[in-house]
$ cat entry-v7.tsv   # TSV, C-alpha atoms
chain	number	residue	atom	x	y	z
A	1	MET	CA	-64.03	-81.99	-130.86
A	2	PRO	CA	-65.60	-80.11	-133.81
A	3	GLU	CA	-67.90	-82.14	-136.02
A	4	ILE	CA	-66.55	-83.46	-139.33
A	5	THR	CA	-69.13	-83.07	-142.10
A	6	HIS	CA	-69.20	-84.41	-145.64
A	7	ARG	CA	-70.42	-83.21	-149.01
A	8	THR	CA	-69.71	-83.50	-152.72
A	9	ILE	CA	-68.54	-80.56	-154.81
A	10	GLN	CA	-67.93	-80.18	-158.54
A	11	THR	CA	-64.41	-79.30	-159.60
A	12	ASN	CA	-62.42	-79.49	-162.82
A	13	GLY	CA	-64.98	-81.74	-164.49
A	14	ILE	CA	-65.32	-84.28	-161.67
A	15	ASN	CA	-67.39	-84.80	-158.52
A	16	MET	CA	-65.18	-84.64	-155.43
A	17	HIS	CA	-66.08	-85.86	-151.96
A	18	ILE	CA	-64.73	-83.66	-149.15
A	19	ALA	CA	-64.64	-83.90	-145.38
A	20	GLU	CA	-64.48	-80.60	-143.52
A	21	ALA	CA	-64.53	-79.04	-140.08
A	22	GLY	CA	-64.40	-75.54	-138.63
A	23	SER	CA	-64.52	-72.05	-140.07
A	24	GLY	CA	-61.91	-69.43	-140.82
A	25	PRO	CA	-58.96	-69.36	-143.20
A	26	LEU	CA	-58.97	-72.39	-145.50
A	27	VAL	CA	-56.48	-75.24	-145.10
A	28	VAL	CA	-56.68	-78.02	-147.72
A	29	LEU	CA	-55.31	-81.44	-146.74
A	30	CYS	CA	-54.24	-83.71	-149.62
A	31	HIS	CA	-53.78	-87.41	-148.83
A	32	GLY	CA	-51.40	-89.91	-150.40
A	33	TRP	CA	-51.40	-93.53	-151.54
A	34	PRO	CA	-53.16	-95.72	-150.59
A	35	GLU	CA	-55.19	-93.47	-148.31
A	36	SER	CA	-58.24	-91.19	-148.27
A	37	TRP	CA	-59.58	-88.09	-146.51
A	38	TYR	CA	-59.61	-90.29	-143.39
A	39	SER	CA	-55.82	-90.04	-143.16
A	40	TRP	CA	-56.41	-86.51	-141.84
A	41	ARG	CA	-58.95	-87.48	-139.16
A	42	HIS	CA	-56.65	-86.19	-136.39
A	43	GLN	CA	-55.90	-82.92	-138.16
A	44	LEU	CA	-59.41	-81.85	-139.16
A	45	GLY	CA	-60.65	-81.29	-135.62
A	46	ALA	CA	-57.38	-79.83	-134.35
A	47	LEU	CA	-57.28	-77.27	-137.16
A	48	ALA	CA	-60.94	-76.40	-136.61
A	49	GLU	CA	-60.29	-75.82	-132.92
A	50	ALA	CA	-57.35	-73.58	-133.84
A	51	GLY	CA	-59.63	-71.35	-135.94
A	52	TYR	CA	-59.31	-72.77	-139.44
A	53	HIS	CA	-61.64	-74.25	-142.05
A	54	ALA	CA	-59.99	-77.61	-142.67
A	55	VAL	CA	-60.98	-79.53	-145.81
A	56	ALA	CA	-59.73	-83.00	-146.73
A	57	PRO	CA	-60.86	-84.28	-150.14
A	58	ASP	CA	-60.83	-87.78	-151.48
A	59	GLN	CA	-58.58	-86.98	-154.40
A	60	ARG	CA	-59.20	-88.01	-158.00
A	61	GLY	CA	-59.39	-91.81	-158.22
A	62	TYR	CA	-60.05	-92.37	-154.52
A	63	GLY	CA	-62.95	-93.03	-152.19
A	64	LYS	CA	-66.21	-91.37	-153.16
A	65	THR	CA	-64.60	-89.00	-155.68
A	66	ASP	CA	-64.85	-89.67	-159.42
A	67	LYS	CA	-62.40	-92.07	-161.03
A	68	PRO	CA	-61.88	-91.29	-164.72
A	69	ALA	CA	-61.11	-94.40	-166.74
A	70	ALA	CA	-58.28	-92.98	-168.86
A	71	ILE	CA	-54.80	-93.15	-167.34
A	72	ASP	CA	-53.85	-89.75	-168.79
A	73	GLN	CA	-56.49	-88.05	-166.65
A	74	TYR	CA	-54.28	-88.32	-163.55
A	75	THR	CA	-51.43	-85.93	-164.33
A	76	GLN	CA	-50.20	-83.35	-161.84
A	77	LEU	CA	-51.91	-80.68	-163.94
A	78	HIS	CA	-55.24	-82.46	-163.46
A	79	LEU	CA	-54.61	-82.92	-159.74
A	80	VAL	CA	-53.59	-79.31	-159.13
A	81	GLY	CA	-56.56	-78.24	-161.24
A	82	ASP	CA	-58.84	-80.27	-158.96
A	83	ILE	CA	-57.63	-78.35	-155.91
A	84	VAL	CA	-57.91	-74.96	-157.64
A	85	GLY	CA	-61.47	-75.92	-158.55
A	86	LEU	CA	-62.09	-76.95	-154.95
A	87	LEU	CA	-61.23	-73.43	-153.82
A	88	ASP	CA	-63.58	-72.03	-156.46
A	89	ALA	CA	-66.39	-74.34	-155.33
A	90	LEU	CA	-65.90	-73.16	-151.74
A	91	GLY	CA	-65.84	-69.50	-152.80
A	92	GLU	CA	-62.29	-69.02	-151.52
A	93	GLU	CA	-59.53	-67.06	-153.21
A	94	THR	CA	-56.63	-68.63	-151.30
A	95	ALA	CA	-55.74	-71.57	-149.06
A	96	VAL	CA	-52.75	-73.03	-147.33
A	97	ILE	CA	-52.22	-76.42	-148.94
A	98	VAL	CA	-50.90	-79.44	-147.07
A	99	GLY	CA	-49.94	-82.74	-148.69
A	100	HIS	CA	-48.65	-86.12	-147.54
A	101	ASP	CA	-47.01	-88.80	-149.72
A	102	TRP	CA	-48.49	-88.33	-153.25
A	103	GLY	CA	-50.45	-85.43	-151.82
A	104	ALA	CA	-47.12	-83.68	-151.25
A	105	PRO	CA	-46.33	-83.27	-154.98
A	106	VAL	CA	-49.88	-81.97	-155.43
A	107	ALA	CA	-49.23	-79.44	-152.67
A	108	TRP	CA	-45.76	-78.45	-153.90
A	109	ASN	CA	-46.95	-78.10	-157.49
A	110	SER	CA	-50.02	-76.13	-156.42
A	111	ALA	CA	-47.71	-73.64	-154.71
A	112	LEU	CA	-45.34	-73.67	-157.70
A	113	LEU	CA	-47.98	-73.20	-160.41
A	114	ARG	CA	-50.52	-71.04	-158.55
A	115	PRO	CA	-48.81	-69.11	-155.74
A	116	ASP	CA	-51.61	-66.56	-156.08
A	117	ARG	CA	-54.07	-69.19	-154.83
A	118	PHE	CA	-51.73	-71.14	-152.50
A	119	PRO	CA	-49.56	-68.59	-150.68
A	120	ALA	CA	-48.12	-71.17	-148.27
A	121	VAL	CA	-47.47	-74.91	-148.42
A	122	VAL	CA	-46.75	-77.84	-146.11
A	123	GLY	CA	-45.27	-81.07	-147.47
A	124	MET	CA	-45.05	-84.31	-145.53
A	125	SER	CA	-42.87	-87.34	-146.31
A	126	VAL	CA	-42.03	-86.39	-149.92
A	127	PRO	CA	-39.78	-83.32	-150.29
A	128	TYR	CA	-40.08	-80.99	-153.24
A	129	GLY	CA	-37.80	-81.78	-156.13
A	130	PRO	CA	-37.88	-79.73	-159.35
A	131	ARG	CA	-38.34	-81.30	-162.76
A	132	GLY	CA	-34.96	-82.71	-163.66
A	133	ASP	CA	-33.08	-83.78	-166.78
A	134	PHE	CA	-34.08	-87.46	-166.97
A	135	LYS	CA	-37.45	-89.02	-167.64
A	136	PRO	CA	-38.39	-90.57	-164.26
A	137	THR	CA	-38.72	-94.19	-165.37
A	138	ASP	CA	-35.39	-93.96	-167.22
A	139	GLY	CA	-33.76	-92.62	-164.07
A	140	LEU	CA	-35.27	-95.37	-161.91
A	141	LYS	CA	-34.10	-98.05	-164.34
A	142	MET	CA	-30.58	-96.62	-164.21
A	143	VAL	CA	-30.63	-96.75	-160.41
A	144	PHE	CA	-32.33	-100.12	-159.86
A	145	GLY	CA	-31.33	-102.02	-162.99
A	146	GLU	CA	-32.76	-105.56	-162.89
A	147	ASN	CA	-33.82	-105.16	-159.27
A	148	PHE	CA	-37.38	-104.58	-158.11
A	149	PHE	CA	-38.65	-101.08	-157.43
A	150	TYR	CA	-42.31	-100.62	-156.71
A	151	ILE	CA	-42.87	-97.54	-158.91
A	152	LEU	CA	-41.64	-99.45	-161.96
A	153	TYR	CA	-43.78	-102.45	-160.95
A	154	PHE	CA	-46.84	-100.19	-160.83
A	155	GLN	CA	-46.43	-99.03	-164.45
A	156	GLU	CA	-48.16	-101.98	-166.16
A	157	PRO	CA	-51.94	-101.53	-165.86
A	158	GLY	CA	-53.72	-104.37	-164.10
A	159	VAL	CA	-50.70	-106.08	-162.56
A	160	ALA	CA	-50.59	-104.30	-159.23
A	161	GLU	CA	-54.39	-104.05	-159.11
A	162	ALA	CA	-54.70	-107.83	-159.24
A	163	GLU	CA	-52.17	-108.30	-156.46
A	164	LEU	CA	-53.46	-105.60	-154.12
A	165	GLU	CA	-57.15	-106.34	-154.60
A	166	ALA	CA	-56.84	-110.10	-154.00
A	167	ASP	CA	-57.09	-109.50	-150.23
A	168	VAL	CA	-57.63	-105.81	-149.48
A	169	THR	CA	-57.63	-106.29	-145.71
A	170	ALA	CA	-54.24	-108.02	-145.78
A	171	THR	CA	-52.86	-105.46	-148.25
A	172	ILE	CA	-53.76	-102.45	-146.12
A	173	ARG	CA	-52.81	-104.08	-142.82
A	174	LYS	CA	-49.38	-105.25	-144.02
A	175	LEU	CA	-48.57	-102.09	-146.01
A	176	TYR	CA	-49.53	-99.67	-143.26
A	177	PHE	CA	-47.53	-101.59	-140.67
A	178	SER	CA	-44.51	-102.20	-142.89
A	179	ALA	CA	-44.07	-98.51	-143.78
A	180	SER	CA	-44.62	-97.35	-140.20
A	181	GLY	CA	-42.17	-96.60	-137.44
A	182	ASP	CA	-43.36	-99.72	-135.60
A	183	LEU	CA	-41.62	-102.10	-137.99
A	184	VAL	CA	-38.19	-103.25	-136.87
A	185	ARG	CA	-36.29	-103.26	-140.15
A	186	THR	CA	-33.62	-105.85	-140.93
A	187	GLU	CA	-30.81	-106.03	-143.48
A	188	GLU	CA	-32.73	-108.78	-145.26
A	189	MET	CA	-35.62	-106.39	-145.88
A	190	ALA	CA	-33.29	-103.90	-147.53
A	191	ALA	CA	-31.61	-106.47	-149.78
A	192	PRO	CA	-32.25	-106.05	-153.53
A	193	ARG	CA	-34.76	-108.44	-155.10
A	194	PRO	CA	-35.02	-109.41	-158.78
A	195	ALA	CA	-37.75	-107.51	-160.61
A	196	ALA	CA	-38.70	-110.53	-162.72
A	197	THR	CA	-39.92	-112.61	-159.76
A	198	THR	CA	-40.82	-110.02	-157.10
A	199	LYS	CA	-44.24	-108.64	-156.27
A	200	PHE	CA	-45.08	-105.54	-154.26
A	201	MET	CA	-46.29	-107.36	-151.16
A	202	ASP	CA	-43.27	-109.68	-151.02
A	203	GLY	CA	-41.38	-108.89	-147.85
A	204	MET	CA	-44.24	-106.96	-146.25
A	205	VAL	CA	-44.70	-107.88	-142.59
A	206	ASP	CA	-48.05	-108.93	-141.18
A	207	PRO	CA	-48.23	-107.61	-137.59
A	208	GLU	CA	-49.29	-109.86	-134.75
A	209	ALA	CA	-51.41	-106.94	-133.53
A	210	LEU	CA	-52.32	-103.59	-135.04
A	211	PRO	CA	-50.08	-100.71	-134.00
A	212	ALA	CA	-51.48	-98.28	-131.43
A	213	TRP	CA	-52.09	-95.55	-134.02
A	214	LEU	CA	-54.22	-97.80	-136.27
A	215	GLY	CA	-57.35	-99.09	-134.55
A	216	GLN	CA	-59.55	-101.85	-135.91
A	217	ARG	CA	-62.19	-99.29	-136.93
A	218	ASP	CA	-59.54	-97.26	-138.74
A	219	LEU	CA	-58.34	-100.33	-140.63
A	220	GLU	CA	-61.90	-101.28	-141.54
A	221	TYR	CA	-62.61	-97.79	-142.87
A	222	PHE	CA	-59.61	-97.79	-145.19
A	223	VAL	CA	-60.34	-101.36	-146.32
A	224	GLY	CA	-63.96	-100.47	-147.08
A	225	GLU	CA	-62.87	-97.52	-149.20
A	226	PHE	CA	-60.56	-99.64	-151.34
A	227	GLU	CA	-62.90	-102.58	-151.57
A	228	ALA	CA	-65.45	-100.17	-153.04
A	229	ALA	CA	-63.15	-98.03	-155.19
A	230	GLY	CA	-60.35	-100.42	-156.09
A	231	PHE	CA	-56.70	-99.43	-156.44
A	232	ARG	CA	-56.61	-98.43	-160.11
A	233	GLY	CA	-57.27	-94.71	-159.59
A	234	GLY	CA	-54.40	-94.24	-157.16
A	235	LEU	CA	-52.04	-96.39	-159.21
A	236	ASN	CA	-52.76	-94.22	-162.24
A	237	TRP	CA	-50.97	-91.37	-160.47
A	238	TYR	CA	-47.77	-93.45	-160.71
A	239	ARG	CA	-48.45	-94.19	-164.38
A	240	ASN	CA	-48.20	-90.50	-165.22
A	241	ILE	CA	-44.73	-89.79	-163.85
A	242	ASP	CA	-43.19	-89.64	-167.33
A	243	ARG	CA	-46.14	-87.66	-168.68
A	244	ASN	CA	-45.76	-85.21	-165.80
A	245	TRP	CA	-42.10	-84.83	-166.76
A	246	ASP	CA	-43.11	-84.02	-170.33
A	247	LEU	CA	-45.77	-81.53	-169.25
A	248	MET	CA	-43.58	-79.76	-166.68
A	249	GLY	CA	-40.72	-78.89	-169.01
A	250	ALA	CA	-41.37	-75.16	-168.61
A	251	TRP	CA	-40.70	-75.51	-164.87
A	252	ARG	CA	-37.35	-77.27	-165.16
A	253	ASN	CA	-35.30	-76.47	-162.03
A	254	ALA	CA	-38.03	-74.12	-160.76
A	255	LYS	CA	-38.11	-73.37	-157.04
A	256	VAL	CA	-41.12	-73.21	-154.72
A	257	THR	CA	-40.83	-69.70	-153.28
A	258	VAL	CA	-43.85	-69.34	-150.96
A	259	PRO	CA	-43.44	-69.90	-147.18
A	260	ALA	CA	-43.17	-73.63	-146.58
A	261	LEU	CA	-42.89	-76.31	-143.92
A	262	PHE	CA	-41.67	-79.88	-144.32
A	263	ILE	CA	-42.54	-82.68	-141.90
A	264	THR	CA	-41.31	-86.26	-142.08
A	265	GLY	CA	-40.97	-89.30	-139.86
A	266	GLU	CA	-37.51	-90.23	-138.64
A	267	LYS	CA	-38.10	-93.83	-139.80
A	268	ASP	CA	-39.96	-93.04	-143.02
A	269	PRO	CA	-38.62	-95.43	-145.70
A	270	VAL	CA	-39.16	-92.72	-148.34
A	271	ARG	CA	-36.13	-90.96	-146.90
A	272	GLY	CA	-34.00	-93.72	-148.42
A	273	PHE	CA	-34.77	-92.74	-152.02
A	274	ALA	CA	-36.16	-89.21	-151.66
A	275	PRO	CA	-33.90	-87.61	-149.06
A	276	GLU	CA	-34.66	-84.10	-147.87
A	277	ALA	CA	-31.01	-82.98	-148.10
A	278	THR	CA	-31.58	-80.51	-150.96
A	279	ILE	CA	-35.00	-79.20	-149.95
A	280	ARG	CA	-33.69	-75.86	-148.68
A	281	GLN	CA	-32.11	-74.97	-152.01
A	282	ASN	CA	-35.30	-75.98	-153.87
A	283	VAL	CA	-37.62	-74.30	-151.33
A	284	PRO	CA	-35.73	-71.15	-150.30
A	285	ASN	CA	-38.53	-69.90	-148.01
A	286	LEU	CA	-38.64	-73.13	-145.99
A	287	LYS	CA	-39.44	-72.07	-142.43
A	288	ASP	CA	-38.67	-75.39	-140.74
A	289	LEU	CA	-37.89	-79.03	-141.38
A	290	VAL	CA	-39.51	-81.15	-138.69
A	291	LEU	CA	-38.16	-84.66	-138.18
A	292	VAL	CA	-40.61	-86.56	-135.97
A	293	PRO	CA	-38.77	-89.08	-133.76
A	294	GLY	CA	-39.94	-92.68	-134.03
A	295	ALA	CA	-42.49	-92.00	-136.77
A	296	GLY	CA	-42.56	-93.82	-140.07
A	297	HIS	CA	-44.28	-92.98	-143.33
A	298	TRP	CA	-47.79	-92.27	-142.01
A	299	VAL	CA	-46.52	-89.42	-139.87
A	300	GLN	CA	-49.76	-87.48	-139.36
A	301	GLN	CA	-51.51	-90.68	-138.26
A	302	GLU	CA	-48.64	-92.11	-136.22
A	303	ARG	CA	-47.76	-88.90	-134.36
A	304	PRO	CA	-50.78	-86.58	-134.65
A	305	ASP	CA	-49.92	-84.40	-131.64
A	306	GLU	CA	-46.45	-83.54	-132.93
A	307	VAL	CA	-47.71	-82.97	-136.46
A	308	ASN	CA	-50.64	-80.82	-135.31
A	309	ALA	CA	-48.35	-78.67	-133.15
A	310	ALA	CA	-45.93	-78.09	-136.05
A	311	LEU	CA	-48.73	-77.45	-138.53
A	312	ILE	CA	-50.64	-75.01	-136.36
A	313	GLY	CA	-47.45	-73.25	-135.33
A	314	PHE	CA	-46.58	-72.71	-138.98
A	315	LEU	CA	-50.08	-71.45	-139.79
A	316	LYS	CA	-50.11	-69.03	-136.87
A	317	GLY	CA	-46.74	-67.65	-137.97
A	318	LEU	CA	-47.87	-66.73	-141.47

$ encode --input "entry-v7.tsv" --output "C-alpha cells"
Amino acid sequence: MPEITHRTIQTNGINMHIAEAGSGPLVVLCHGWPESWYSWRHQLGALAEAGYHAVAPDQRGYGKTDKPAAIDQYTQLHLVGDIVGLLDALGEETAVIVGHDWGAPVAWNSALLRPDRFPAVVGMSVPYGPRGDFKPTDGLKMVFGENFFYILYFQEPGVAEAELEADVTATIRKLYFSASGDLVRTEEMAAPRPAATTKFMDGMVDPEALPAWLGQRDLEYFVGEFEAAGFRGGLNWYRNIDRNWDLMGAWRNAKVTVPALFITGEKDPVRGFAPEATIRQNVPNLKDLVLVPGAGHWVQQERPDEVNAALIGFLKGL
C-alpha cells in the first residue's frame, strides 16, 4: 500500500494540515462532521495505486488545521476558498473534488463556483441542493416545530460543545455506531422528541462492541483529534447555514453542470431529510447514483471496497 505522508500548507489565510499519497492527477477528499482526513484512510492508498495524487485535508476548524475564533469565518465561501488555495499551494490548476457529509456541500459548491478548477465532482451522503427560497433555519423550524432537530440545537454557541466534549470517547463511539448501517433502528428512535428537553446524544446507542469497520485504533485516532481540537470549529459550519443562504443569493436555483457522481449508504439516516430524489435535475451531468447496500452514513469507511470501485471507475471514465 502506498505510504501516506503529512505536511502543512498555507491556504486562504490559514495553515492547513493535509495527508496525501501517490502521484498523478489530483483528487481532493473533503471530510465531514465530526471527522478528519483519517475518514479517507481507505481511499488514499487505493487512489494512489490507481495512478492519482490523493490529498485529504483536515478542513478549517478540524484536526491540525487552523481554527479561526470567529463564527463567520466558516462560510461556504471560506471553505471553497480553502480548497482553491490548496490547489494553488500544490501548484495544480485543476482537481476532481470529492466530499462526504459536510464535505459534500464544499465539493458541490467548489464545482458550482469554480468549474474551471474543479471539472468533476463526487458527493457522498449529502446530495446537491441549490439555494432555495427560505432561510434554512426558518425552513427547519417550519418542518420540526417544537420538536428537536440537531441542526437547530447546534446553533447556540457553547451548548453542543459542552455536551459533546464532556466524554469525547463516548460521543464518537455512540455517534459513529448510531449513524452506521450496523444500528438496528426502531420506531422509538424515529419518534419526535421535544426540543426543550432533548440533547443531541439522547437516543444514541452505545454498542456492546465496535463495528467491524471501526477498529479500536481508528476510534482512538478520532477521539484524540477531537480531544485536542474540540468540537467548536466543526459546529461553526452549522452556525453559518443562514449566512451561506444570504451569501449565495446570486446562485439561487443554480445547477452543478460538471460531470458528477453521487454515492450514499442504503441505511444512511441523512436520506430521511435530504433525499436524493431531485439530484438529477439539479446535477444534469450526473453519471451515476450509487446506493451501497447495508451501509449507513460513514459509507467510505463502512464499505471502502465498493466506494473505491465506484470512485475509481468514475475517475477513469472522465

$ atom_distance --input "entry-v7.tsv" --atom1 "CA of Trp37 (chain A)" --atom2 "CA of Ala19 (chain A)"
6.7 Å

$ atom_distance --input "entry-v7.tsv" --atom1 "CA of Pro127 (chain A)" --atom2 "CA of Pro293 (chain A)"
17.5 Å

$ closest_atom_pairs --input "entry-v7.tsv" --of "region 188-276 of chain A" --to "region 61-74 of chain A" --cutoff "12 Å" --atoms "only C-alpha atoms" --output "CSV"
residue,atom,partner,partner_atom,distance
A:Tyr221,CA,A:Gly63,CA,10.5
A:Phe222,CA,A:Gly63,CA,9.1
A:Val223,CA,A:Gly63,CA,10.5
A:Gly224,CA,A:Gly63,CA,9.1
A:Glu225,CA,A:Gly63,CA,5.4
A:Phe226,CA,A:Gly63,CA,7.1
A:Glu227,CA,A:Gly63,CA,9.6
A:Ala228,CA,A:Gly63,CA,7.6
A:Ala229,CA,A:Gly63,CA,5.8
A:Gly230,CA,A:Tyr62,CA,8.2
A:Phe231,CA,A:Tyr62,CA,8.0
A:Arg232,CA,A:Gly61,CA,7.4
A:Gly233,CA,A:Gly61,CA,3.8
A:Gly234,CA,A:Gly61,CA,5.7
A:Leu235,CA,A:Gly61,CA,8.7
A:Asn236,CA,A:Ile71,CA,5.6
A:Trp237,CA,A:Tyr74,CA,5.5
A:Tyr238,CA,A:Tyr74,CA,8.8
A:Arg239,CA,A:Ile71,CA,7.1
A:Asn240,CA,A:Tyr74,CA,6.7
A:Ile241,CA,A:Tyr74,CA,9.7
A:Asp242,CA,A:Asp72,CA,10.8
A:Arg243,CA,A:Asp72,CA,8.0
A:Asn244,CA,A:Tyr74,CA,9.3
A:Leu247,CA,A:Asp72,CA,11.5

$ atom_distance --input "entry-v7.tsv" --atom1 "CA of Glu188 (chain A)" --atom2 "CA of Trp298 (chain A)"
22.6 Å

$ residues_near_point --input "entry-v7.tsv" --point "(-45.2, -99.5, -159.7)" --cutoff "9 Å" --atoms "only C-alpha atoms" --output "list in words"
Phe149, Tyr150, Ile151, Leu152, Tyr153, Phe154, Gln155, Glu156, Ala160, Phe200, Leu235, Tyr238 and Arg239 of chain A

$ residues_near_point --input "entry-v7.tsv" --point "(-35.3, -69.8, -148.1)" --cutoff "10 Å" --atoms "only C-alpha atoms" --output "PyMOL selection string"
chain A and resi 256-260+279-288

$ closest_residue --input "entry-v7.tsv" --among "A:Ile9, A:Ala309, A:Ala190, A:Glu302" --to "Arg41 (chain A)" --atoms "all atoms listed in the file"
A:Glu302

$ residues_around --input "entry-v7.tsv" --residues "Leu79 (chain A)" --least-positions-apart "5" --cutoff "10 Å" --atoms "all atoms listed in the file" --output "list of chain:residue names"
A:Asn12, A:Gln59, A:Arg60, A:Gln73, A:Tyr74, A:Val84, A:Gly85, A:Gly103, A:Pro105, A:Val106, A:Ala107, A:Asn109, A:Ser110, A:Trp237

$ axis_aligned_box --input "entry-v7.tsv" --around "region 258-277 of chain A" --padding-each-side "3 Å" --output "lines of an AutoDock Vina configuration file"
center_x = -37.4
center_y = -82.4
center_z = -145.3
size_x = 18.8
size_y = 32.1
size_z = 19.4

$ closest_residue --input "entry-v7.tsv" --among "A:Arg252, A:Lys267, A:His31, A:Arg217" --to "Ser178 (chain A)" --atoms "all atoms listed in the file"
A:Lys267
